[in-house]
Amino acid sequence: MSRPDEIRKEILLQLYGCRPLTRAADRIHRDAKKEGYDYSLFEIKQELTFLSDEGLLIRITEPGTTAAVYRIHANGVRHYEEKYG
Amino acid sequence: MSNRRKGKIASLTFELRTKVNTMLRDGVKYSAVIKFLEKNDVFGLNEQNITNWHQGGYQEWLKEQERLADMQAKREFAFEIVRSNEGSKLHEANLHLAASQLYEVLTDFDLQDLKDLLKDEPENYAAIINSLAKLSKGHLDLRKYQDAVAKAQVELQKLRDPKQKLSDTDRLAIVEKVDEILGIK
């Protein structure tokens with residue numbers, strides 16, 4: 001599995017696990033680090049953008065801020081289960 | 001999109017693969033797993049295939065299931081807190097927002113340790129949960145909410161040591177601090 005693929009899997013796992021709640025990039029990065037992964041926040045954000053563009057995640061801007069949070073889309077749920085489940 | 005495992009078990013459908021993993025977790029014999037798959041029109045597997053999967057893909061699945069179970073518990077706990085405290089009065093979007101915020105607080109804790117610590121002191125559990133849940137009451141002020149959660153998290157850090165006993169002073173201080181932050185008292 002390539003590094004971007006590993007990062008995408010980790011992102012999808014975290015958002016799949018907490019669905020339908022939302023999470024921010026820094027939180028996803030923090031928890032990936034806790035699991036022993038050395039992904040940078042920049043890499044996490046890159047793959048979040050990729051997965052959103054693919055229609056697997058939904059990007060939401062928190063009200064009153066410019067901060068972005070992400071939630072897994074139904075397509076993302078199916079994709080996670082088929083690819084990694 | 002990804003280069004996932006390519007073995008015979010890895011190539012099964014999600015449903016069958018999950019069933020195989022569940023059987024392995026339950027200690028079912030490899031021969032029984034093979035028979036199950038044959039009943040589902042999957043042929044050509046031998047015990048070496050099952051062994052290879054057990055040592056590889058199954059271990060990854062097991063680790064992920066543990067993480068997912070932990071996430072699910074914290075997610076449900078966050079929703080329980082919000083819903084049981086006037087959550088029905090909230091717009092769905094605010095309910096999710098509140099639960100998401102609480103979920104982030106809970107990810108710092110071993111949830112079972114926290115529940116075990118408080119189970120013998122239900123009055124304190126209710127007080128702390130009510131304080132956290134009041135964060136989502138009525139007109140949700142997001143900045144005040146985030147600040148209160150962060151400050152409450154600092155107070156709750158004391159509970160991370162499961163061996164630590166809360167004194168009456170500690171318990172009262174935590175509840176009063178959160179209520180003070182929220183402007184309740």
# chains A, B, ... in the order shown; residues from 1 in each chain; ligands from 1

call {"tool": "interface_residues", "arguments": {"of": "chain A", "to": "chain B", "cutoff": "7 Å", "atoms": "only C-alpha atoms", "output": "CSV table (one decimal) with N, CA and C atoms, in the first residue's frame"}}
result
chain,number,residue,atom,x,y,z
A,1,MET,N,0.8,-1.2,0.0
A,1,MET,CA,0.0,0.0,0.0
A,1,MET,C,0.9,1.2,0.0
A,5,ASP,N,-2.2,6.0,0.3
A,5,ASP,CA,-3.3,5.0,0.5
A,5,ASP,C,-3.4,4.7,2.0
A,17,GLY,N,-15.4,5.3,12.2
A,17,GLY,CA,-15.6,4.9,13.6
A,17,GLY,C,-16.5,5.9,14.4
A,18,CYS,N,-16.4,7.1,14.1
A,18,CYS,CA,-17.1,8.1,14.9
A,18,CYS,C,-18.4,8.7,14.1
A,21,LEU,N,-20.4,11.8,13.5
A,21,LEU,CA,-19.8,13.0,14.0
A,21,LEU,C,-18.7,13.5,13.1
A,22,THR,N,-18.3,14.8,13.3
A,22,THR,CA,-17.3,15.4,12.5
A,22,THR,C,-15.9,15.5,13.3
A,81,GLU,N,-15.8,-0.1,3.9
A,81,GLU,CA,-16.2,-1.5,4.2
A,81,GLU,C,-15.7,-2.4,3.1
A,82,GLU,N,-15.8,-2.0,1.8
A,82,GLU,CA,-15.4,-2.8,0.7
A,82,GLU,C,-13.9,-3.0,0.6
A,85,GLY,N,-12.6,-3.3,5.2
A,85,GLY,CA,-13.4,-4.0,6.2
A,85,GLY,C,-13.1,-5.5,6.4

call {"tool": "residues_around", "arguments": {"residues": "A:Ile60", "least_positions_apart": "2", "cutoff": "8 Å", "atoms": "only C-alpha atoms", "output": "PDB file with all heavy atoms, in the first residue's frame"}}
result
ATOM      1  N   ILE A  58     -17.431  14.576   3.613  1.00  0.00           N
ATOM      2  CA  ILE A  58     -18.111  15.866   3.483  1.00  0.00           C
ATOM      3  C   ILE A  58     -17.322  16.869   4.302  1.00  0.00           C
ATOM      4  O   ILE A  58     -17.016  16.625   5.474  1.00  0.00           O
ATOM      5  CB  ILE A  58     -19.548  15.788   4.022  1.00  0.00           C
ATOM      6  CG1 ILE A  58     -20.348  14.772   3.211  1.00  0.00           C
ATOM      7  CG2 ILE A  58     -20.214  17.163   3.972  1.00  0.00           C
ATOM      8  CD1 ILE A  58     -21.705  14.471   3.794  1.00  0.00           C
ATOM      9  N   GLU A  62     -17.183  25.074  10.276  1.00  0.00           N
ATOM     10  CA  GLU A  62     -17.867  25.284  11.542  1.00  0.00           C
ATOM     11  C   GLU A  62     -18.472  26.679  11.602  1.00  0.00           C
ATOM     12  O   GLU A  62     -17.810  27.647  11.199  1.00  0.00           O
ATOM     13  CB  GLU A  62     -16.891  25.113  12.710  1.00  0.00           C
ATOM     14  CG  GLU A  62     -16.550  23.661  12.995  1.00  0.00           C
ATOM     15  CD  GLU A  62     -15.878  23.471  14.329  1.00  0.00           C
ATOM     16  OE1 GLU A  62     -15.017  24.302  14.673  1.00  0.00           O
ATOM     17  OE2 GLU A  62     -16.201  22.508  15.025  1.00  0.00           O
ATOM     18  N   ALA A  68     -12.389  23.994   9.221  1.00  0.00           N
ATOM     19  CA  ALA A  68     -13.067  22.926   8.484  1.00  0.00           C
ATOM     20  C   ALA A  68     -13.067  21.653   9.302  1.00  0.00           C
ATOM     21  O   ALA A  68     -12.086  21.323   9.962  1.00  0.00           O
ATOM     22  CB  ALA A  68     -12.366  22.678   7.160  1.00  0.00           C
ATOM     23  N   VAL A  69     -14.191  20.966   9.286  1.00  0.00           N
ATOM     24  CA  VAL A  69     -14.268  19.642   9.887  1.00  0.00           C
ATOM     25  C   VAL A  69     -14.811  18.694   8.826  1.00  0.00           C
ATOM     26  O   VAL A  69     -15.384  19.131   7.818  1.00  0.00           O
ATOM     27  CB  VAL A  69     -15.168  19.625  11.146  1.00  0.00           C
ATOM     28  CG1 VAL A  69     -14.527  20.410  12.269  1.00  0.00           C
ATOM     29  CG2 VAL A  69     -16.548  20.170  10.834  1.00  0.00           C
ATOM     30  N   TYR A  70     -14.634  17.414   9.072  1.00  0.00           N
ATOM     31  CA  TYR A  70     -14.999  16.439   8.066  1.00  0.00           C
ATOM     32  C   TYR A  70     -15.864  15.339   8.658  1.00  0.00           C
ATOM     33  O   TYR A  70     -15.693  14.948   9.810  1.00  0.00           O
ATOM     34  CB  TYR A  70     -13.732  15.804   7.471  1.00  0.00           C
ATOM     35  CG  TYR A  70     -12.872  16.791   6.738  1.00  0.00           C
ATOM     36  CD1 TYR A  70     -11.966  17.592   7.429  1.00  0.00           C
ATOM     37  CD2 TYR A  70     -12.976  16.941   5.361  1.00  0.00           C
ATOM     38  CE1 TYR A  70     -11.195  18.522   6.762  1.00  0.00           C
ATOM     39  CE2 TYR A  70     -12.197  17.865   4.682  1.00  0.00           C
ATOM     40  CZ  TYR A  70     -11.310  18.651   5.391  1.00  0.00           C
ATOM     41  OH  TYR A  70     -10.539  19.588   4.720  1.00  0.00           O
ATOM     42  N   ARG A  71     -16.766  14.865   7.815  1.00  0.00           N
ATOM     43  CA  ARG A  71     -17.643  13.751   8.201  1.00  0.00           C
ATOM     44  C   ARG A  71     -17.636  12.764   7.049  1.00  0.00           C
ATOM     45  O   ARG A  71     -17.532  13.161   5.891  1.00  0.00           O
ATOM     46  CB  ARG A  71     -19.057  14.290   8.446  1.00  0.00           C
ATOM     47  CG  ARG A  71     -20.091  13.232   8.738  1.00  0.00           C
ATOM     48  CD  ARG A  71     -21.392  13.863   9.262  1.00  0.00           C
ATOM     49  NE  ARG A  71     -22.043  14.733   8.304  1.00  0.00           N
ATOM     50  CZ  ARG A  71     -22.890  14.329   7.357  1.00  0.00           C
ATOM     51  NH1 ARG A  71     -23.147  13.050   7.213  1.00  0.00           N
ATOM     52  NH2 ARG A  71     -23.467  15.201   6.556  1.00  0.00           N
TER      53      ARG A  71
END

call {"tool": "atom_distance", "arguments": {"atom1": "atom CA of A:Leu12", "atom2": "atom CA of A:Thr66"}}
result
22.8 Å

call {"tool": "select_by_dssp", "arguments": {"residues": "chain A", "states": "strand (DSSP E)", "output": "PyMOL selection string"}}
result
chain A and resi 23-24+57-61+68-72

call {"tool": "write_last_selection", "arguments": {"atoms": "N, CA and C atoms", "output": "CSV table (one decimal), in the first residue's frame"}}
result
chain,number,residue,atom,x,y,z
A,23,ARG,N,-14.9,15.6,12.5
A,23,ARG,CA,-13.6,15.8,13.2
A,23,ARG,C,-12.7,16.7,12.3
A,24,ALA,N,-11.8,17.4,13.0
A,24,ALA,CA,-10.9,18.3,12.3
A,24,ALA,C,-9.6,17.6,12.0
A,57,LEU,N,-15.9,11.9,1.6
A,57,LEU,CA,-16.1,12.7,2.9
A,57,LEU,C,-16.9,14.0,2.5
A,58,ILE,N,-17.4,14.6,3.6
A,58,ILE,CA,-18.1,15.9,3.5
A,58,ILE,C,-17.3,16.9,4.3
A,59,ARG,N,-17.0,18.0,3.7
A,59,ARG,CA,-16.2,19.0,4.3
A,59,ARG,C,-17.2,20.1,4.8
A,60,ILE,N,-17.1,20.4,6.1
A,60,ILE,CA,-18.1,21.4,6.7
A,60,ILE,C,-17.3,22.5,7.4
A,61,THR,N,-17.7,23.7,7.2
A,61,THR,CA,-17.1,24.8,7.9
A,61,THR,C,-17.9,25.1,9.1
A,68,ALA,N,-12.4,24.0,9.2
A,68,ALA,CA,-13.1,22.9,8.5
A,68,ALA,C,-13.1,21.7,9.3
A,69,VAL,N,-14.2,21.0,9.3
A,69,VAL,CA,-14.3,19.6,9.9
A,69,VAL,C,-14.8,18.7,8.8
A,70,TYR,N,-14.6,17.4,9.1
A,70,TYR,CA,-15.0,16.4,8.1
A,70,TYR,C,-15.9,15.3,8.7
A,71,ARG,N,-16.8,14.9,7.8
A,71,ARG,CA,-17.6,13.8,8.2
A,71,ARG,C,-17.6,12.8,7.0
A,72,ILE,N,-17.8,11.5,7.4
A,72,ILE,CA,-17.7,10.5,6.3
A,72,ILE,C,-19.1,10.5,5.6

call {"tool": "residues_around", "arguments": {"residues": "stretch 8-11 of chain A", "least_positions_apart": "3", "cutoff": "7 Å", "atoms": "only C-alpha atoms", "output": "ChimeraX atom specification"}}
result
/A:4-5,14-15,28,47

call {"tool": "write_last_selection", "arguments": {"atoms": "N, CA and C atoms", "output": "mmCIF file, in the first residue's frame"}}
result
data_model
loop_
_atom_site.group_PDB
_atom_site.id
_atom_site.type_symbol
_atom_site.label_atom_id
_atom_site.label_comp_id
_atom_site.auth_asym_id
_atom_site.auth_seq_id
_atom_site.Cartn_x
_atom_site.Cartn_y
_atom_site.Cartn_z
ATOM 1 N N PRO A 4 0.182 7.510 0.556
ATOM 2 C CA PRO A 4 -1.126 8.195 0.493
ATOM 3 C C PRO A 4 -2.293 7.248 0.760
ATOM 4 N N ASP A 5 -2.197 6.010 0.286
ATOM 5 C CA ASP A 5 -3.258 5.045 0.527
ATOM 6 C C ASP A 5 -3.375 4.705 2.007
ATOM 7 N N GLN A 14 -10.956 6.442 11.026
ATOM 8 C CA GLN A 14 -11.329 7.328 12.136
ATOM 9 C C GLN A 14 -12.721 7.923 11.918
ATOM 10 N N LEU A 15 -12.991 8.375 10.717
ATOM 11 C CA LEU A 15 -14.292 9.002 10.472
ATOM 12 C C LEU A 15 -15.403 7.961 10.386
ATOM 13 N N ILE A 28 -7.543 14.331 13.766
ATOM 14 C CA ILE A 28 -7.247 13.088 13.047
ATOM 15 C C ILE A 28 -5.745 12.833 13.086
ATOM 16 N N GLU A 47 -4.797 14.546 2.044
ATOM 17 C CA GLU A 47 -5.642 13.380 1.768
ATOM 18 C C GLU A 47 -7.091 13.631 2.145
#

call {"tool": "atom_distance", "arguments": {"atom1": "atom CA of B:Gly44", "atom2": "atom CA of B:Gly27"}}
result
21.7 Å

call {"tool": "residues_around", "arguments": {"residues": "A:Tyr39", "least_positions_apart": "2", "cutoff": "10 Å", "atoms": "only C-alpha atoms", "output": "list in words"}}
result
Arg3, Pro4, Glu6, Ile7, Glu10, His29, Arg30, Ala32, Lys33, Gly36, Tyr37, Leu41, Phe42, Glu43 and Ile44 of chain A

call {"tool": "write_last_selection", "arguments": {"atoms": "C-alpha atoms", "output": "CSV table (one decimal), in the first residue's frame"}}
result
chain,number,residue,atom,x,y,z
A,3,ARG,CA,1.8,6.1,1.8
A,4,PRO,CA,-1.1,8.2,0.5
A,6,GLU,CA,-2.3,4.3,4.1
A,7,ILE,CA,-3.1,7.8,5.2
A,10,GLU,CA,-6.4,5.9,8.5
A,29,HIS,CA,-3.5,13.8,12.9
A,30,ARG,CA,-3.3,13.6,16.7
A,32,ALA,CA,-3.0,8.8,14.0
A,33,LYS,CA,0.1,9.8,15.9
A,36,GLY,CA,2.2,5.2,16.0
A,37,TYR,CA,1.9,6.7,12.5
A,41,LEU,CA,-0.6,17.3,9.5
A,42,PHE,CA,0.0,18.6,5.9
A,43,GLU,CA,-0.3,15.0,4.6
A,44,ILE,CA,-3.5,14.5,6.5

call {"tool": "select_by_dssp", "arguments": {"residues": "chain A", "states": "helix (DSSP H, G or I)", "output": "count of residues only"}}
result
50
